[in-house]
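Engineer: Input: one structure, supplied below.
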Amino acid sequence: SRLPGTSLGILSAGDDEAARRRLRLLARQLHVEDRVHWHPVSERSQAMRAVEAADVLVHVPHERLDLGPVIAAMSVTTAVVVTDLPDADGVVVNGCTGLRVPAAEPHQLALRLSILSADAPMRDEISLAARRFVRDDLSAASTTAALLESYAVVHGVRRSA
């Protein structure tokens, strides 16, 4: 799978050589190794500017998904593609608030990116649904209400015991 015109921008907070090797391999498998751009990030504002400028945020960890950058991207209507790990359950719903790919499947990742690249209305629809999810379901008010509701249930169980 080739991704013509696609470049791979990588945000990096440190100098993790093992991570760089994995990302270089992924770029080679996606046939974009000549279009990789490393962006050292030392502040959150730099990362947010890069995420806002991107068409798609791809998060492909090997062990655990870091939802911080994913949710940040969703909040500014940047489409997200993430590795299909349990950490994404309830946040990135495949085909609704983002796309999920199996771990270590560069061909599946290339296919998802090709779909997003070719179908701008679908990319926009997913991005807007993700933004609505973050705004409505992950807002401070919604989180507080859910927490208070949980405490009320626990308090009710204790009273009946």
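In the structure tokens, chains take letters A, B, ... by order of appearance, with residues numbered from 1 within each chain and ligands from 1 in the order shown.
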Find the residues near A:Thr78: any atom within 12 Å, counting only C-alpha atoms, skip ones fewer than 2 places away on the same chain, and give them as a PyMOL selection string.
Structural biologist: chain A and resi 48-58+69-76+80-81+97-99+116+123-131
Engineer: Write out as a PyMOL selection string each polymer residue whose atoms come within 9 Å of A:Pro106, counting only C-alpha atoms; drop sequence neighbours fewer than 5 positions from it.
Structural biologist: chain A and resi 1+26-27+29-30+101+111
Engineer: Within chain A, find each residue whose DSSP state, derived from the backbone, is alpha helix (DSSP H), and express the selection as a PyMOL selection string.
Structural biologist: chain A and resi 17-29+44-53+67-75+106-118+120-137+140-160
Engineer: Residues of chain A in strand (DSSP E or B) according to DSSP, as a ChimeraX atom specification?
Structural biologist: /A:8-12,36-40,56-59,79-83,94,98-101
Engineer: Just to confirm, what's the straight-line distance from atom CA of A:Glu105 to atom CA of A:Ala79 in Å (one decimal)?
Structural biologist: 19.1 Å
Engineer: What gap, in Å, lies between atom CA of A:Leu8 and atom CA of A:Ser117?
Structural biologist: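 Straight-line distance from atom CA of A:Leu8 to atom CA of A:Ser117 works out to 13.3 Å.
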Engineer: Out of A:Phe133, A:Gly9, A:Leu65, A:Asn94, which residue has the shortest atom-to-atom distance to A:Asp34 when counting only C-alpha atoms?
Structural biologist: A:Gly9
Engineer: I need the residue nearest A:Leu25 from this list: A:Arg159, A:Glu149, A:Val134, A:Ala104. Use only C-alpha atoms for the distance.
Structural biologist: A:Ala104
Engineer: Quick one, how far is atom CA of A:Arg100 from atom CA of A:Thr83?
Structural biologist: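 Distance reported for this atom pair: 5.5 Å.
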Engineer: Considering only C-alpha atoms, can you say which of A:Val154, A:Thr77, A:Arg112, A:Gly95 comes closest to A:Arg135?
Structural biologist: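 For A:Arg135, the nearest of the given residues is A:Thr77.
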